[in-house]
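Chemist: Please find coords.txt (compact mmCIF, C-alpha atoms and all ligand atoms) on the next line:
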# COMPACT_ATOMS: atom_id res chain seq x y z
CA MET A 1 -11.01 28.61 -7.60
CA GLN A 2 -12.63 27.23 -4.43
CA PRO A 3 -10.44 27.63 -1.33
CA HIS A 4 -10.07 23.90 -0.74
CA LEU A 5 -8.92 23.28 -4.31
CA ILE A 6 -5.41 23.96 -5.51
CA SER A 7 -3.71 23.56 -8.83
CA SER A 8 -0.19 22.21 -9.24
CA PHE A 9 3.01 24.12 -8.63
CA ALA A 10 3.63 26.85 -11.18
CA THR A 11 6.96 25.19 -11.85
CA CYS A 12 5.38 21.96 -13.02
CA LEU A 13 7.05 20.93 -16.23
CA LEU A 14 5.13 17.75 -16.84
CA ALA A 15 3.99 17.71 -20.45
CA SER A 16 0.45 16.82 -19.54
CA SER A 17 -2.86 18.40 -18.74
CA LEU A 18 -2.48 16.95 -15.25
CA CYS A 19 -0.54 20.05 -14.16
CA ALA A 20 -3.59 22.22 -14.62
CA LEU A 21 -5.85 19.93 -12.63
CA GLU A 22 -7.67 21.38 -9.69
CA LEU A 23 -7.51 18.95 -6.81
CA PRO A 24 -8.57 19.02 -3.17
CA ASN A 25 -5.91 20.62 -0.97
CA PRO A 26 -4.15 17.81 0.96
CA LEU A 27 -3.56 20.26 3.82
CA ALA A 28 -7.30 20.96 4.21
CA GLY A 29 -9.80 18.91 6.15
CA ALA A 30 -13.39 18.17 5.20
CA ASP A 31 -14.30 21.25 7.25
CA GLY A 32 -12.22 23.43 4.89
CA GLN A 33 -9.67 24.36 7.59
CA VAL A 34 -6.13 24.40 6.19
CA ALA A 35 -3.45 23.04 8.54
CA THR A 36 -0.38 25.21 8.95
CA THR A 37 1.43 23.01 11.48
CA PRO A 38 2.18 19.25 11.57
CA ASP A 39 0.22 19.03 14.80
CA ALA A 40 -2.92 20.56 13.26
CA TRP A 41 -2.64 18.25 10.28
CA GLN A 42 -2.20 15.13 12.48
CA LYS A 43 -4.99 16.02 14.88
CA SER A 44 -7.57 17.38 12.48
CA VAL A 45 -6.88 16.99 8.75
CA ARG A 46 -5.51 13.45 8.86
CA PRO A 47 -8.44 11.86 10.74
CA GLN A 48 -10.98 13.71 8.59
CA THR A 49 -9.26 12.66 5.36
CA LEU A 50 -8.89 9.06 6.54
CA GLN A 51 -12.57 8.94 7.40
CA ILE A 52 -13.60 10.11 3.93
CA PHE A 53 -11.50 7.36 2.32
CA ARG A 54 -13.11 4.84 4.70
CA GLU A 55 -16.66 5.98 4.06
CA GLN A 56 -16.42 6.56 0.32
CA VAL A 57 -13.66 4.36 -1.10
CA TYR A 58 -12.21 1.41 0.84
CA GLY A 59 -14.82 0.93 3.58
CA VAL A 60 -14.86 1.00 7.35
CA ARG A 61 -13.10 -1.78 9.26
CA PRO A 62 -15.31 -3.13 12.04
CA VAL A 63 -12.41 -4.36 14.16
CA ALA A 64 -8.69 -3.78 14.76
CA LYS A 65 -6.73 -6.54 16.53
CA PRO A 66 -9.50 -8.96 17.54
CA ALA A 67 -9.79 -10.44 21.01
CA GLY A 68 -9.37 -13.96 19.62
CA PHE A 69 -6.03 -13.14 17.89
CA GLN A 70 -3.33 -15.82 18.12
CA ALA A 71 -0.01 -16.16 16.33
CA LYS A 72 2.44 -19.04 16.52
CA VAL A 73 5.45 -20.36 14.64
CA LEU A 74 4.36 -23.69 13.11
CA ARG A 75 7.76 -24.66 11.71
CA GLU A 76 11.22 -23.15 11.85
CA ASP A 77 14.18 -24.00 9.61
CA PRO A 78 17.35 -22.25 10.81
CA GLN A 79 19.27 -23.26 7.67
CA ALA A 80 16.88 -22.40 4.83
CA LEU A 81 18.23 -21.43 1.39
CA GLU A 82 21.59 -23.13 2.02
CA GLY A 83 21.98 -21.40 5.36
CA LEU A 84 21.22 -17.89 4.08
CA ALA A 85 18.14 -17.52 6.27
CA THR A 86 15.98 -18.74 9.08
CA LEU A 87 12.55 -19.60 7.74
CA LYS A 88 9.49 -19.41 9.96
CA GLU A 89 6.08 -20.64 8.87
CA ILE A 90 3.63 -18.66 10.97
CA GLU A 91 0.02 -19.36 11.67
CA ILE A 92 -2.25 -16.49 12.64
CA THR A 93 -5.76 -17.28 13.86
CA PHE A 94 -8.50 -14.68 14.14
CA THR A 95 -11.87 -15.34 15.63
CA GLY A 96 -14.96 -13.16 15.39
CA PRO A 97 -18.70 -13.37 15.95
CA ASN A 98 -19.27 -15.51 12.84
CA GLY A 99 -16.38 -17.96 13.03
CA SER A 100 -12.63 -18.09 12.70
CA ALA A 101 -9.94 -18.35 10.02
CA LYS A 102 -6.18 -18.79 9.73
CA ILE A 103 -3.51 -17.22 7.56
CA HIS A 104 -0.01 -18.62 6.98
CA PRO A 105 2.65 -16.00 6.31
CA VAL A 106 6.19 -17.16 5.58
CA LEU A 107 9.00 -15.16 7.21
CA LEU A 108 12.68 -15.26 6.22
CA ILE A 109 15.33 -13.64 8.42
CA PRO A 110 18.91 -13.25 7.17
CA ASN A 111 21.25 -15.38 9.28
CA ALA A 112 24.03 -12.81 8.79
CA ALA A 113 21.99 -10.12 10.61
CA LYS A 114 23.73 -8.80 13.71
CA ALA A 115 20.73 -6.79 14.92
CA PRO A 116 16.94 -7.06 14.58
CA ALA A 117 16.28 -6.87 10.85
CA ALA A 118 14.29 -4.30 8.88
CA THR A 119 11.61 -6.20 6.98
CA PHE A 120 9.70 -6.10 3.69
CA LEU A 121 6.13 -7.39 4.06
CA LEU A 122 4.75 -8.49 0.66
CA PHE A 123 1.07 -8.78 -0.21
CA GLY A 124 1.06 -11.89 -2.39
CA PHE A 125 -1.34 -13.14 -5.03
CA VAL A 126 -0.40 -16.75 -4.31
CA LYS A 127 0.73 -18.87 -1.38
CA PRO A 128 4.28 -17.75 -0.53
CA ASP A 129 6.83 -20.28 -1.73
CA PRO A 130 10.34 -18.89 -1.28
CA LEU A 131 12.14 -22.12 -1.94
CA GLU A 132 10.74 -22.79 -5.40
CA LYS A 133 9.91 -19.41 -6.84
CA SER A 134 12.52 -17.06 -5.46
CA ASN A 135 14.84 -17.12 -8.42
CA ILE A 136 12.21 -17.59 -11.09
CA SER A 137 9.75 -14.86 -10.31
CA GLY A 138 10.72 -11.26 -9.68
CA GLY A 139 7.67 -11.02 -7.47
CA TRP A 140 9.46 -12.12 -4.32
CA PRO A 141 13.25 -12.25 -4.94
CA VAL A 142 14.08 -13.56 -1.50
CA ARG A 143 17.79 -14.23 -2.10
CA GLU A 144 18.39 -10.65 -3.23
CA ILE A 145 16.46 -9.29 -0.26
CA LEU A 146 18.22 -11.48 2.30
CA THR A 147 21.65 -10.86 0.81
CA ARG A 148 21.10 -7.15 1.30
CA GLY A 149 20.44 -7.76 4.97
CA TYR A 150 16.66 -7.45 5.03
CA ALA A 151 14.11 -9.88 6.39
CA THR A 152 10.99 -10.50 4.36
CA VAL A 153 7.55 -11.94 5.01
CA ALA A 154 4.83 -12.73 2.47
CA PHE A 155 1.24 -13.79 2.70
CA CYS A 156 -1.50 -14.71 0.25
CA VAL A 157 -4.25 -12.09 0.32
CA SER A 158 -6.94 -14.62 -0.58
CA GLU A 159 -6.31 -16.42 2.70
CA VAL A 160 -7.53 -13.26 4.43
CA ASP A 161 -10.42 -12.60 2.07
CA PRO A 162 -10.87 -14.46 -1.23
CA ASP A 163 -10.10 -12.33 -4.28
CA ARG A 164 -13.32 -12.94 -6.16
CA ALA A 165 -16.75 -11.38 -6.43
CA ASP A 166 -18.42 -14.01 -4.27
CA GLY A 167 -15.45 -14.18 -1.88
CA PHE A 168 -17.12 -12.21 0.88
CA ALA A 169 -18.64 -15.25 2.58
CA GLY A 170 -15.29 -17.05 2.80
CA GLY A 171 -13.11 -14.50 4.55
CA VAL A 172 -12.48 -12.10 7.35
CA ARG A 173 -15.25 -9.73 6.27
CA ALA A 174 -17.85 -12.44 6.89
CA ILE A 175 -16.29 -13.40 10.23
CA PHE A 176 -16.64 -9.86 11.55
CA GLY A 177 -19.48 -8.71 9.27
CA ASN A 178 -23.12 -8.12 9.78
CA SER A 179 -25.96 -8.55 7.36
CA PRO A 180 -27.21 -6.67 5.42
CA ARG A 181 -23.86 -5.04 4.66
CA PRO A 182 -23.96 -1.25 4.93
CA ALA A 183 -22.85 0.87 1.95
CA ASN A 184 -19.68 1.86 3.83
CA ALA A 185 -18.70 -1.73 4.78
CA TRP A 186 -15.07 -2.62 4.08
CA GLY A 187 -14.05 -4.07 0.74
CA ALA A 188 -11.45 -6.76 0.05
CA LEU A 189 -8.52 -4.29 -0.34
CA SER A 190 -9.10 -3.09 3.19
CA ALA A 191 -9.49 -6.64 4.47
CA TRP A 192 -6.12 -7.56 2.95
CA GLY A 193 -4.49 -4.57 4.63
CA TRP A 194 -6.10 -5.64 7.89
CA GLY A 195 -4.41 -9.02 7.43
CA ALA A 196 -1.03 -7.29 6.97
CA SER A 197 -1.63 -5.44 10.24
CA ARG A 198 -2.20 -8.76 11.99
CA ILE A 199 1.16 -9.93 10.62
CA MET A 200 2.64 -6.73 12.05
CA ASP A 201 1.10 -7.74 15.41
CA TYR A 202 3.19 -10.91 15.18
CA LEU A 203 6.35 -9.14 13.95
CA GLU A 204 6.25 -6.85 16.98
CA THR A 205 6.71 -9.93 19.17
CA ASP A 206 9.61 -11.47 17.19
CA PRO A 207 12.98 -10.37 18.63
CA ALA A 208 14.70 -10.99 15.28
CA ILE A 209 12.64 -8.21 13.66
CA ASN A 210 12.99 -4.44 13.96
CA ALA A 211 9.27 -3.61 14.01
CA LYS A 212 10.03 0.12 13.65
CA ARG A 213 11.39 -0.63 10.19
CA VAL A 214 8.76 -2.63 8.38
CA ALA A 215 7.85 -1.80 4.79
CA VAL A 216 4.59 -2.92 3.16
CA ILE A 217 4.82 -3.64 -0.54
CA GLY A 218 2.27 -4.76 -3.12
CA HIS A 219 1.88 -4.90 -6.88
CA SER A 220 -1.20 -3.77 -8.80
CA ARG A 221 -4.34 -4.59 -6.75
CA CYS A 222 -1.99 -5.44 -3.90
CA GLY A 223 -0.28 -2.06 -4.41
CA LYS A 224 -3.63 -0.38 -3.78
CA ALA A 225 -4.05 -2.56 -0.69
CA ALA A 226 -0.52 -1.71 0.54
CA LEU A 227 -1.21 2.03 0.27
CA TRP A 228 -4.48 1.76 2.16
CA CYS A 229 -2.80 -0.48 4.73
CA GLY A 230 -0.12 2.17 5.29
CA ALA A 231 -2.79 4.86 5.64
CA GLU A 232 -4.73 2.85 8.24
CA ASP A 233 -1.73 1.53 10.18
CA THR A 234 1.06 3.99 10.94
CA ARG A 235 3.28 1.26 12.40
CA PHE A 236 4.44 0.66 8.82
CA THR A 237 7.22 3.19 8.35
CA TYR A 238 7.74 2.59 4.62
CA VAL A 239 4.96 2.04 2.08
CA ILE A 240 5.59 0.83 -1.48
CA SER A 241 3.10 0.98 -4.35
CA ASN A 242 4.17 -0.98 -7.42
CA ASN A 243 2.01 -0.17 -10.47
CA SER A 244 -1.08 0.34 -8.30
CA GLY A 245 -2.84 2.65 -10.77
CA CYS A 246 -6.56 3.31 -10.52
CA SER A 247 -7.79 3.74 -6.92
CA GLY A 248 -4.18 3.33 -5.80
CA ALA A 249 -1.45 5.90 -6.41
CA ALA A 250 -2.97 7.40 -9.59
CA LEU A 251 -5.26 10.40 -9.38
CA ALA A 252 -8.93 9.81 -10.13
CA ARG A 253 -9.33 13.17 -11.84
CA GLY A 254 -7.74 13.44 -15.27
CA LYS A 255 -6.56 9.82 -15.28
CA MET A 256 -6.04 7.89 -18.52
CA GLY A 257 -6.55 4.14 -18.83
CA GLU A 258 -8.59 2.49 -16.08
CA LYS A 259 -11.28 4.65 -14.50
CA ILE A 260 -13.56 4.27 -11.49
CA SER A 261 -16.31 3.07 -13.84
CA ASP A 262 -14.04 0.21 -15.05
CA ILE A 263 -12.78 -0.85 -11.66
CA THR A 264 -16.14 -0.73 -9.89
CA SER A 265 -17.79 -2.79 -12.61
CA HIS A 266 -15.04 -5.44 -12.78
CA PHE A 267 -13.99 -5.50 -9.12
CA PRO A 268 -16.80 -3.96 -7.03
CA TYR A 269 -15.90 -6.14 -4.04
CA TRP A 270 -12.47 -4.44 -3.63
CA PHE A 271 -14.23 -1.30 -2.36
CA CYS A 272 -17.19 -0.23 -0.29
CA GLU A 273 -20.49 0.09 -2.09
CA ASN A 274 -20.41 3.90 -1.80
CA TYR A 275 -17.48 4.11 -4.24
CA ARG A 276 -19.71 3.27 -7.21
CA GLN A 277 -21.44 6.64 -7.05
CA PHE A 278 -18.24 8.23 -8.40
CA SER A 279 -18.26 6.07 -11.52
CA ASN A 280 -18.13 8.62 -14.39
CA HIS A 281 -18.34 11.33 -11.71
CA GLU A 282 -14.78 11.72 -10.48
CA GLU A 283 -15.41 15.44 -10.02
CA ARG A 284 -17.82 14.62 -7.18
CA LEU A 285 -15.17 12.85 -5.10
CA PRO A 286 -14.51 14.79 -1.89
CA ILE A 287 -10.89 13.61 -2.02
CA ASP A 288 -8.39 12.43 -4.63
CA GLN A 289 -5.65 9.83 -4.47
CA HIS A 290 -2.80 12.28 -3.72
CA GLN A 291 -4.47 12.61 -0.31
CA LEU A 292 -4.10 8.86 0.17
CA LEU A 293 -0.37 9.35 -0.44
CA GLY A 294 -0.47 12.30 1.96
CA LEU A 295 -1.82 9.98 4.67
CA ILE A 296 1.53 8.15 4.59
CA ALA A 297 3.38 11.38 5.59
CA PRO A 298 5.85 11.90 7.11
CA ARG A 299 6.86 8.24 6.61
CA LEU A 300 8.78 6.82 3.65
CA LEU A 301 6.77 6.31 0.48
CA TYR A 302 7.79 4.81 -2.86
CA VAL A 303 5.56 4.89 -5.95
CA ALA A 304 6.67 3.07 -9.10
CA SER A 305 5.16 2.85 -12.56
CA ALA A 306 6.06 1.08 -15.83
CA THR A 307 6.39 2.60 -19.32
CA GLN A 308 3.99 0.12 -20.95
CA ASP A 309 1.40 0.27 -18.19
CA ASP A 310 -1.03 2.80 -19.69
CA TRP A 311 -3.93 1.16 -17.84
CA ALA A 312 -2.38 2.24 -14.52
CA ASP A 313 -1.19 5.64 -15.94
CA GLY A 314 2.29 6.30 -14.62
CA LYS A 315 2.13 10.04 -15.36
CA SER A 316 -0.88 10.32 -13.11
CA GLU A 317 0.91 8.30 -10.40
CA PHE A 318 3.85 10.69 -10.62
CA GLU A 319 1.64 13.78 -10.50
CA SER A 320 -0.07 12.32 -7.45
CA CYS A 321 3.34 12.20 -5.71
CA VAL A 322 3.93 15.86 -6.63
CA ARG A 323 0.52 16.85 -5.27
CA ALA A 324 1.05 14.91 -2.02
CA SER A 325 4.38 16.63 -1.37
CA PRO A 326 2.97 19.69 0.46
CA VAL A 327 2.03 17.37 3.34
CA TYR A 328 5.65 16.26 3.63
CA ALA A 329 6.80 19.88 3.37
CA LEU A 330 4.58 20.74 6.34
CA PHE A 331 6.66 18.26 8.35
CA GLY A 332 9.86 19.93 7.13
CA LYS A 333 10.65 16.99 4.84
CA PRO A 334 11.16 16.99 1.09
CA GLY A 335 8.32 15.12 -0.65
CA ILE A 336 9.29 14.12 -4.19
CA GLU A 337 12.52 15.75 -5.35
CA ALA A 338 11.34 16.83 -8.82
CA THR A 339 8.16 18.11 -10.42
CA SER A 340 8.89 16.70 -13.88
CA LEU A 341 8.72 13.05 -14.79
CA PRO A 342 12.19 11.43 -14.76
CA PRO A 343 13.42 9.40 -17.76
CA PRO A 344 12.61 5.68 -17.64
CA ASP A 345 14.60 3.65 -15.09
CA GLN A 346 15.97 6.73 -13.33
CA ALA A 347 14.93 6.53 -9.70
CA LEU A 348 14.24 9.73 -7.77
CA LEU A 349 15.46 8.77 -4.31
CA GLY A 350 16.34 12.21 -2.96
CA GLY A 351 13.07 13.01 -1.16
CA THR A 352 10.87 11.22 1.34
CA ILE A 353 8.64 10.16 -1.56
CA ALA A 354 10.64 8.13 -4.10
CA TYR A 355 9.58 7.37 -7.65
CA HIS A 356 10.67 5.55 -10.79
CA MET A 357 9.13 4.49 -14.07
CA ARG A 358 10.61 1.14 -15.10
CA SER A 359 10.90 0.28 -18.81
CA GLY A 360 8.50 -2.51 -19.58
CA LYS A 361 5.15 -3.93 -18.70
CA HIS A 362 2.86 -4.09 -15.68
CA ASP A 363 4.92 -6.27 -13.32
CA LEU A 364 6.90 -6.40 -10.10
CA ALA A 365 10.46 -6.93 -11.33
CA VAL A 366 13.71 -7.59 -9.49
CA SER A 367 14.91 -4.17 -10.70
CA ASP A 368 11.92 -2.57 -8.92
CA TRP A 369 12.93 -4.35 -5.73
CA GLN A 370 16.50 -3.12 -6.09
CA HIS A 371 15.29 0.49 -6.14
CA TYR A 372 13.03 -0.16 -3.14
CA MET A 373 15.99 -1.55 -1.20
CA ASP A 374 18.26 1.33 -2.31
CA PHE A 375 15.74 3.74 -0.82
CA ALA A 376 15.59 1.70 2.40
CA ASP A 377 19.42 1.65 2.55
CA LYS A 378 19.48 5.41 2.24
CA HIS A 379 17.17 5.93 5.21
CA TRP A 380 17.77 2.87 7.32
CA LYS A 381 21.51 2.28 6.79
CA PRO A 382 22.92 5.81 6.36
C1 LIG B 401 -6.47 -5.10 -13.42
C2 LIG B 401 -7.14 -4.00 -12.72
C3 LIG B 401 -6.12 -3.13 -12.12
C4 LIG B 401 -5.09 -3.93 -11.34
C5 LIG B 401 -4.80 -5.29 -11.93
C6 LIG B 401 -4.20 -6.35 -11.02
O1 LIG B 401 -7.30 -5.86 -14.18
O2 LIG B 401 -7.95 -3.35 -13.62
O3 LIG B 401 -6.72 -2.14 -11.34
O4 LIG B 401 -5.46 -4.02 -10.03
O5 LIG B 401 -5.89 -5.88 -12.44
O6 LIG B 401 -4.30 -6.32 -9.82
O7 LIG B 401 -3.65 -7.28 -11.55
Would you write out, as structure tokens, the structure that this file holds?

Modeler:
Amino acid sequence: MQPHLISSFATCLLASSLCALELPNPLAGADGQVATTPDAWQKSVRPQTLQIFREQVYGVRPVAKPAGFQAKVLREDPQALEGLATLKEIEITFTGPNGSAKIHPVLLIPNAAKAPAATFLLFGFVKPDPLEKSNISGGWPVREILTRGYATVAFCVSEVDPDRADGFAGGVRAIFGNSPRPANAWGALSAWGWGASRIMDYLETDPAINAKRVAVIGHSRCGKAALWCGAEDTRFTYVISNNSGCSGAALARGKMGEKISDITSHFPYWFCENYRQFSNHEERLPIDQHQLLGLIAPRLLYVASATQDDWADGKSEFESCVRASPVYALFGKPGIEATSLPPPDQALLGGTIAYHMRSGKHDLAVSDWQHYMDFADKHWKP
């Protein structure tokens, strides 16, 4: 075995070949040095690992908070949802060398809150519409969230960068991009995460929000984006991946269902161009996705799968949590509390990485949200 590769814990009981997989050591940097202290990991291994994911998978962001950044509250309704919440429609403007664009997150703050509220920031597929959809779609169950004392904000990822193959010209990547685009230029997933960071820039200025307790959450492609967002921006202290699968929480090596070859042929624009070279060559990847989960350490992380979601491969998502756990252990924190897959609908909330596999299909359900809030309660309202 090469020194930078490790196989799973001997105690692994998962009935799957995943246990025997050799994966890069999440405690080792690209230089092969293994961190033995949190400080060494933060100063050396973390930046090296992050850089590999930037260069080879999600792409390099050309800008952080841009000079032309502006955020304002366009409309405020202090009695939204029959007085349950204060609703703020926010407008964020970003300007770069090639133009400017606006995004319109919708923020809801529980009126019953007696202190700045912890907040769930949702990456949305559509324009956020809390008043019409909240009780119909599990995707953004605002009444449940507000009733439990949390604020929530949602945005539509396509406002940041259109979610389509020819979307590049219409979004933030064109505004800050140069032509021709280098092979390590950021893909749409990274652009969406960048948008969430700009919402965080606003949240830090809103006295009703506790900016030290903001969770990012996304489903499927948005789950991948939420994980990468949490890796790039450590201000998010809780990261939630709902059914993110391939190139999200699931390992590339040994994965069933969707593979890099599928995702880079259907959705090449989600990633940097370099990622394609690993299509049918997962073994050549210098990293694997458990190291993406490790980049969230020592913060709160929740990974959830669904029993009928073979395309995402829940077993691989679970194994990825197990393999990321040594990074949490280095910080003296429990990663995931078990090394064998729990029965469906049983949430493992005892570690700093939480996990459940919901019965049912690929979806973000209200029951998923309930587990995510239970985990937040445990750490944020002990
Ligand atoms: C699928 C894709 C997945 C997942 C999903 C989604 O078609 O293959 O990786 O991202 O779409 O976002 O809905």

Chemist: May I have the residues within 9 Å of ligand LIG 401 (chain B), computed using all atoms listed in the file, as a list of chain:residue names?

Modeler: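 Checking all atoms listed in the file against ligand LIG 401 (chain B) at 9 Å gives A:Phe125, A:His219, A:Ser220, A:Arg221, A:Cys222, A:Gly223, A:Lys224, A:Asn243, A:Ser244, A:Gly245, A:Cys246, A:Ser247, A:Gly248, A:Glu258, A:Lys259, A:Asp262, A:Ile263, A:His266, A:Phe267, A:Trp311, A:Ala312, A:His362, A:Asp363.
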
Chemist: Rank nothing, just name the residue among A:Pro342, A:Pro78, A:Pro162, A:Gly218 nearest to A:Gly139, using all atoms listed in the file.

Modeler: A:Gly218

Chemist: Just give me the gap between atom CA of A:Asn178 and atom CA of A:Phe69 in Å, one decimal is fine.

Modeler: 19.6 Å

Chemist: Which one of A:Ile260, A:Met357, A:Ile52, A:Val322 sits closest to A:Ser305 if you count all atoms listed in the file?

Modeler: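 So, comparing all the options, the nearest one is A:Met357.
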
Chemist: Using only C-alpha atoms, give me every residue within 12 Å of (-15.8, -14.9, 4.7) in file coordinates, as a ChimeraX atom specification.

Modeler: /A:94-102,158-178,187-188,191

Chemist: Could you work out how far atom CA of A:Gly193 lies from atom CA of A:Glu232, giving the answer in Å with one decimal?

Modeler: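 Going from atom CA of A:Glu232 over to atom CA of A:Gly193 covers 8.3 Å.
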
Chemist: Would you please work out which residue, of A:Ile103, A:Ala306, A:Leu81, A:Ile145, is nearest to A:Pro343 when using only C-alpha atoms?

Modeler: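 Using only C-alpha atoms, the shortest distance to A:Pro343 belongs to A:Ala306.
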
Chemist: Can you work out which one of A:Thr234, A:Gln56, A:Gln289, A:Ser359 has the shortest atom-to-atom distance to A:Gln308, counting all atoms listed in the file?

Modeler: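 Among the listed residues, the smallest separation from A:Gln308 belongs to A:Ser359.
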
Chemist: Can you list, as a ChimeraX atom specification, every protein, DNA or RNA residue that comes within 10 Å of A:Phe155 when you count only C-alpha atoms, leaving out same-chain residues fewer than 5 positions away?

Modeler: /A:90,103-107,121-129,160,192,195-196,199

Chemist: Can you sort out the box for stretch 140-155 of chain A, edges along x, y and z, all listed atoms in, 4 Å on every side, with centre and edge lengths in Å to one decimal, as JSON?

Modeler:
{"center_x": 11.4, "center_y": -10.7, "center_z": 0.7, "size_x": 28.4, "size_y": 15.1, "size_z": 19.3}

Chemist: Please identify all polymer residues within 8 Å of stretch 293-296 of chain A, counting only C-alpha atoms, omitting same-chain residues fewer than 6 positions from it, and present them as a compact mmCIF listing (two decimals) with C-alpha atoms, in the frame of the given file.

Modeler:
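Contents of the output file part-v6.txt:
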# COMPACT_ATOMS: atom_id res chain seq x y z
CA PRO A 26 -4.15 17.81 0.96
CA ARG A 46 -5.51 13.45 8.86
CA THR A 49 -9.26 12.66 5.36
CA LEU A 50 -8.89 9.06 6.54
CA LEU A 227 -1.21 2.03 0.27
CA GLY A 230 -0.12 2.17 5.29
CA ALA A 231 -2.79 4.86 5.64
CA THR A 234 1.06 3.99 10.94
CA VAL A 239 4.96 2.04 2.08
CA ALA A 249 -1.45 5.90 -6.41
CA SER A 320 -0.07 12.32 -7.45
CA CYS A 321 3.34 12.20 -5.71
CA ALA A 324 1.05 14.91 -2.02
CA SER A 325 4.38 16.63 -1.37
CA VAL A 327 2.03 17.37 3.34
CA TYR A 328 5.65 16.26 3.63

Chemist: Smallest atom-to-atom distance to A:Gln42: which of A:Leu330, A:Ile336, A:Leu285, A:Val366, using only C-alpha atoms?

Modeler: A:Leu330
